[in-house]
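Structure, as structure tokens:
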Amino acid sequence: MPNLNNRAQVALLVIDMQRDFCSEGGYAQTAGLDISPLRAIVPAVKAVLTAARKAGIAIIFTREGHLPDLSDCTGAKLQRSKQGGAEIGSAGPLGRLLIRGEYGQDIISELTPQANEFAIDKPGYSAFPHTELQEILSRRNISQLIFTGVTTEVCVHSTLRDAVDRGYLCITVSDACASPDPQLHDAALRMIGVEGGIFGEVCDAATIVTALKTSM
């Protein structure tokens, strides 16, 4: 079981559980991706989130999205989104796709952040570049991160790898992360455990919930 005894130095990351990725009519579905695996993890993420709130650890949500004028969206990313059938900034049923302040870019209602929790907007896949995440973690003396969210192989893994390079101890919650492609999800989780856990630990939601309760 993960050691979370020093809960003052632990933070939960809820990566990109946004309507644009997890709801019908959002960016992911518009791009032709299967959002059912992303929806399926909501109960597990909620269970971890509830336990984290009871344990009193720091909770940080991230939201991928861009400024309305797209000035923070690279040309390569914008071109890729066009080729993928869901052009960033184009109109959709939930508002402009992946644009900050639009309905689709916000966190799904089942996981709405509370007033004392952080919600970080990020223009890239990792939650560290061009955001206040490092400042928040440093100010709170955080040394250990619990990862949940979507997608396992892109934004979760990008943030995880960045965190490991910055010296954080990391735990990825296997059934509280997801990909539209289960094979990519499984491969991303396997990558974490190579070389004795090069990218930290992997456990399921029930285990991390128990660990959070034990740390109280």
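Chain labels A, B, ... are given in the sequence in which chains occur in the structure tokens; within each chain residues are numbered consecutively from 1, and ligands are likewise numbered from 1 in the order shown.
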For this session: Can you pull out every residue within 9 Å of Val156 (chain A), counting only C-alpha atoms, but drop anything in the same chain fewer than 2 positions away, and send it as a PyMOL selection string?
Result: chain A and resi 15-16+125-127+147-154+158-161+172+177
Distance query Gly124 (chain A) at most 8 Å, only C-alpha atoms, self and fewer than 3 positions along chain excluded, as a short mmCIF file (atom, residue, chain, number, x, y, z; two decimals) with N, CA and C atoms, in the first residue's frame:
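So out_0.cif came out as:
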```cif
data_model
loop_
_atom_site.label_atom_id
_atom_site.label_comp_id
_atom_site.auth_asym_id
_atom_site.auth_seq_id
_atom_site.Cartn_x
_atom_site.Cartn_y
_atom_site.Cartn_z
N GLU A 64 -7.24 21.51 -19.89
CA GLU A 64 -6.55 21.91 -21.12
C GLU A 64 -7.43 22.89 -21.88
N GLY A 65 -6.84 23.94 -22.40
CA GLY A 65 -7.61 24.92 -23.16
C GLY A 65 -6.77 26.12 -23.53
N ALA A 127 0.94 19.62 -17.24
CA ALA A 127 0.33 20.70 -16.44
C ALA A 127 1.36 21.66 -15.87
N PRO A 129 4.30 23.41 -17.70
CA PRO A 129 4.71 24.59 -18.48
C PRO A 129 3.60 25.64 -18.59
#
```
Problem set entry | Selection: 12 Å around Pro43 (chain A), only C-alpha atoms, excl. self and same-chain fewer than 2 positions, as a ChimeraX atom specification | /A:37-41,45-50,110-111,148-149,175-177,205-206
Exercise. In region 13-215 of chain A, what's alpha helix (DSSP H) per DSSP? Answer as a PyMOL selection string?
Worked result: chain A and resi 19-22+27-30+36-40+42-55+75-83+133-139+157-165+182-197+205-214
Exercise. So, counting only C-alpha atoms, which residue among A:Thr112, A:Gln29, A:Gln105, A:Gln134 is closest to Gly89 (chain A)?
Worked result: A:Gln105
Seminar exercise, completed: Across A:Val194, A:Asp20, A:Gly92, A:Ile146, the smallest distance to Leu212 (chain A), with only C-alpha atoms counted, is shown by A:Ile146
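Excluding Ile35 (chain A) and any residue on its chain fewer than 4 positions from it, the residues at most 12 Å away by only C-alpha atoms are Met17, Gln18, Arg19, Asp20, Phe21, Cys22, Ser23, Glu24, Gly25, Gly26, Tyr27, Ala28, Gln29, Thr30, Ala31, Arg39, Ala40, Ile41, Val42, Val150, Thr151, Ala178, Ser179, Pro180, Asp181 and Pro182 of chain A.
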Writer output for current selection, N, CA and C atoms, as a compact mmCIF listing (two decimals), in the first residue's frame:
```txt
# COMPACT_ATOMS: atom_id res chain seq x y z
N MET A 17 -10.48 16.35 -16.50
CA MET A 17 -11.81 15.72 -16.50
C MET A 17 -12.84 16.78 -16.91
N GLN A 18 -12.74 17.18 -18.16
CA GLN A 18 -13.53 18.27 -18.72
C GLN A 18 -14.63 17.74 -19.63
N ARG A 19 -15.64 18.57 -19.83
CA ARG A 19 -16.70 18.19 -20.75
C ARG A 19 -16.16 17.99 -22.16
N ASP A 20 -15.15 18.76 -22.55
CA ASP A 20 -14.59 18.61 -23.89
C ASP A 20 -14.00 17.23 -24.13
N PHE A 21 -13.62 16.55 -23.07
CA PHE A 21 -13.08 15.20 -23.21
C PHE A 21 -14.07 14.13 -22.79
N CYS A 22 -14.92 14.43 -21.84
CA CYS A 22 -15.73 13.39 -21.21
C CYS A 22 -17.22 13.47 -21.53
N SER A 23 -17.64 14.45 -22.29
CA SER A 23 -19.07 14.62 -22.56
C SER A 23 -19.37 14.58 -24.05
N GLU A 24 -20.60 14.21 -24.37
CA GLU A 24 -21.03 14.21 -25.77
C GLU A 24 -21.00 15.63 -26.33
N GLY A 25 -20.53 15.73 -27.57
CA GLY A 25 -20.46 17.03 -28.23
C GLY A 25 -19.19 17.79 -27.96
N GLY A 26 -18.31 17.24 -27.12
CA GLY A 26 -17.06 17.91 -26.81
C GLY A 26 -15.97 17.63 -27.83
N TYR A 27 -14.79 18.12 -27.53
CA TYR A 27 -13.65 18.00 -28.44
C TYR A 27 -13.37 16.54 -28.80
N ALA A 28 -13.28 15.67 -27.78
CA ALA A 28 -12.88 14.29 -28.02
C ALA A 28 -13.86 13.57 -28.93
N GLN A 29 -15.15 13.70 -28.64
CA GLN A 29 -16.13 13.02 -29.47
C GLN A 29 -16.16 13.60 -30.88
N THR A 30 -15.99 14.91 -30.99
CA THR A 30 -15.95 15.55 -32.30
C THR A 30 -14.78 15.02 -33.12
N ALA A 31 -13.68 14.69 -32.44
CA ALA A 31 -12.51 14.14 -33.12
C ALA A 31 -12.66 12.66 -33.45
N ARG A 39 -15.71 8.30 -19.65
CA ARG A 39 -16.86 8.43 -18.75
C ARG A 39 -16.83 7.35 -17.68
N ALA A 40 -16.34 6.17 -18.03
CA ALA A 40 -16.42 5.03 -17.12
C ALA A 40 -15.62 5.21 -15.85
N ILE A 41 -14.59 6.06 -15.88
CA ILE A 41 -13.75 6.22 -14.68
C ILE A 41 -14.30 7.25 -13.70
N VAL A 42 -15.37 7.95 -14.06
CA VAL A 42 -15.88 9.02 -13.19
C VAL A 42 -16.14 8.53 -11.77
N VAL A 150 -7.58 12.05 -17.44
CA VAL A 150 -7.48 11.63 -18.84
C VAL A 150 -6.56 12.60 -19.62
N THR A 151 -6.03 12.08 -20.71
CA THR A 151 -5.97 10.68 -21.06
C THR A 151 -4.66 10.10 -20.52
N ALA A 178 -7.86 6.98 -17.83
CA ALA A 178 -8.42 6.28 -18.97
C ALA A 178 -7.94 6.89 -20.28
N SER A 179 -8.10 6.09 -21.33
CA SER A 179 -7.82 6.49 -22.71
C SER A 179 -8.98 6.03 -23.58
N PRO A 180 -9.24 6.71 -24.69
CA PRO A 180 -10.23 6.17 -25.64
C PRO A 180 -9.81 4.81 -26.20
N ASP A 181 -8.51 4.52 -26.15
CA ASP A 181 -7.96 3.26 -26.65
C ASP A 181 -7.42 2.46 -25.48
N PRO A 182 -8.11 1.41 -25.04
CA PRO A 182 -7.66 0.63 -23.88
C PRO A 182 -6.24 0.09 -24.01
```
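Nearest-residue note for Ile192 (chain A): choosing from A:Arg140, A:His66, A:His157, A:His130, the minimum distance belongs to A:His157, counting only C-alpha atoms.
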Exercise. What are the DSSP strand (DSSP E) residues of region 20-143 of chain A, as a VMD selection string?
Worked result: chain A and resid 58 to 64 118 to 122
With N, CA, C and O atoms retained, write the just-selected residues as an mmCIF file, in the first residue's frame.
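Saved file part.cif follows:
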```cif
data_model
loop_
_atom_site.group_PDB
_atom_site.id
_atom_site.type_symbol
_atom_site.label_atom_id
_atom_site.label_comp_id
_atom_site.auth_asym_id
_atom_site.auth_seq_id
_atom_site.Cartn_x
_atom_site.Cartn_y
_atom_site.Cartn_z
ATOM 1 N N ALA A 58 -4.130 18.490 -0.423
ATOM 2 C CA ALA A 58 -4.323 19.477 -1.482
ATOM 3 C C ALA A 58 -4.921 18.811 -2.716
ATOM 4 O O ALA A 58 -4.562 17.691 -3.074
ATOM 5 N N ILE A 59 -5.838 19.514 -3.377
ATOM 6 C CA ILE A 59 -6.505 18.986 -4.563
ATOM 7 C C ILE A 59 -6.372 20.000 -5.689
ATOM 8 O O ILE A 59 -6.711 21.183 -5.531
ATOM 9 N N ILE A 60 -5.871 19.513 -6.829
ATOM 10 C CA ILE A 60 -5.607 20.391 -7.968
ATOM 11 C C ILE A 60 -6.227 19.785 -9.213
ATOM 12 O O ILE A 60 -5.889 18.665 -9.609
ATOM 13 N N PHE A 61 -7.138 20.510 -9.828
ATOM 14 C CA PHE A 61 -7.721 20.128 -11.107
ATOM 15 C C PHE A 61 -6.962 20.832 -12.230
ATOM 16 O O PHE A 61 -6.500 21.963 -12.050
ATOM 17 N N THR A 62 -6.854 20.167 -13.379
ATOM 18 C CA THR A 62 -6.298 20.843 -14.547
ATOM 19 C C THR A 62 -7.325 20.832 -15.671
ATOM 20 O O THR A 62 -8.166 19.932 -15.763
ATOM 21 N N ARG A 63 -7.235 21.863 -16.515
ATOM 22 C CA ARG A 63 -8.116 21.969 -17.681
ATOM 23 C C ARG A 63 -7.271 22.379 -18.879
ATOM 24 O O ARG A 63 -6.648 23.444 -18.867
ATOM 25 N N GLU A 64 -7.239 21.514 -19.894
ATOM 26 C CA GLU A 64 -6.555 21.911 -21.120
ATOM 27 C C GLU A 64 -7.435 22.893 -21.881
ATOM 28 O O GLU A 64 -8.643 22.696 -21.995
ATOM 29 N N PHE A 118 -7.841 24.011 -6.243
ATOM 30 C CA PHE A 118 -7.234 24.732 -7.358
ATOM 31 C C PHE A 118 -7.752 24.182 -8.690
ATOM 32 O O PHE A 118 -7.945 22.982 -8.852
ATOM 33 N N ALA A 119 -7.938 25.064 -9.656
ATOM 34 C CA ALA A 119 -8.260 24.684 -11.028
ATOM 35 C C ALA A 119 -7.290 25.434 -11.938
ATOM 36 O O ALA A 119 -7.335 26.664 -12.024
ATOM 37 N N ILE A 120 -6.417 24.695 -12.577
ATOM 38 C CA ILE A 120 -5.338 25.276 -13.374
ATOM 39 C C ILE A 120 -5.634 25.095 -14.856
ATOM 40 O O ILE A 120 -5.898 23.983 -15.320
ATOM 41 N N ASP A 121 -5.581 26.173 -15.608
ATOM 42 C CA ASP A 121 -5.724 26.103 -17.062
ATOM 43 C C ASP A 121 -4.350 25.952 -17.685
ATOM 44 O O ASP A 121 -3.416 26.686 -17.342
ATOM 45 N N LYS A 122 -4.228 25.000 -18.608
ATOM 46 C CA LYS A 122 -2.939 24.719 -19.233
ATOM 47 C C LYS A 122 -3.097 24.693 -20.751
ATOM 48 O O LYS A 122 -4.067 24.148 -21.272
#
```
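Interatomic distance, CA of Gly193 (chain A) against CA of Leu4 (chain A): 19.2 Å.
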Problem set entry | Residue contacts of region 167-171 of chain A (6 Å, only C-alpha atoms) excluding same-chain residues fewer than 6 positions away, as a VMD selection string | chain A and resid 143 to 146 200 to 202
Neighbours of Asp69 (chain A) within 12 Å (only C-alpha atoms; same-chain residues fewer than 5 positions away dropped), as a PDB file with C-alpha atoms, in the first residue's frame?
```
ATOM      1  CA  THR A  74       1.113  26.419 -31.319  1.00  0.00           C
ATOM      2  CA  ILE A  88      -9.370  23.920 -31.725  1.00  0.00           C
ATOM      3  CA  GLY A  89     -11.450  27.080 -31.454  1.00  0.00           C
ATOM      4  CA  SER A  90     -14.179  25.913 -33.806  1.00  0.00           C
ATOM      5  CA  ARG A  96     -15.779  26.660 -28.948  1.00  0.00           C
ATOM      6  CA  LEU A  98     -10.891  23.703 -26.008  1.00  0.00           C
ATOM      7  CA  ILE A  99     -11.303  27.444 -25.423  1.00  0.00           C
ATOM      8  CA  ARG A 100     -11.002  28.788 -21.891  1.00  0.00           C
TER       9      ARG A 100
END
```
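Our summary of the geometry notes that CA of Pro68 (chain A) is positioned 14.7 Å from CA of Leu94 (chain A).
Between CA of Ala51 (chain A) and CA of Val10 (chain A) lies a distance of 12.8 Å.
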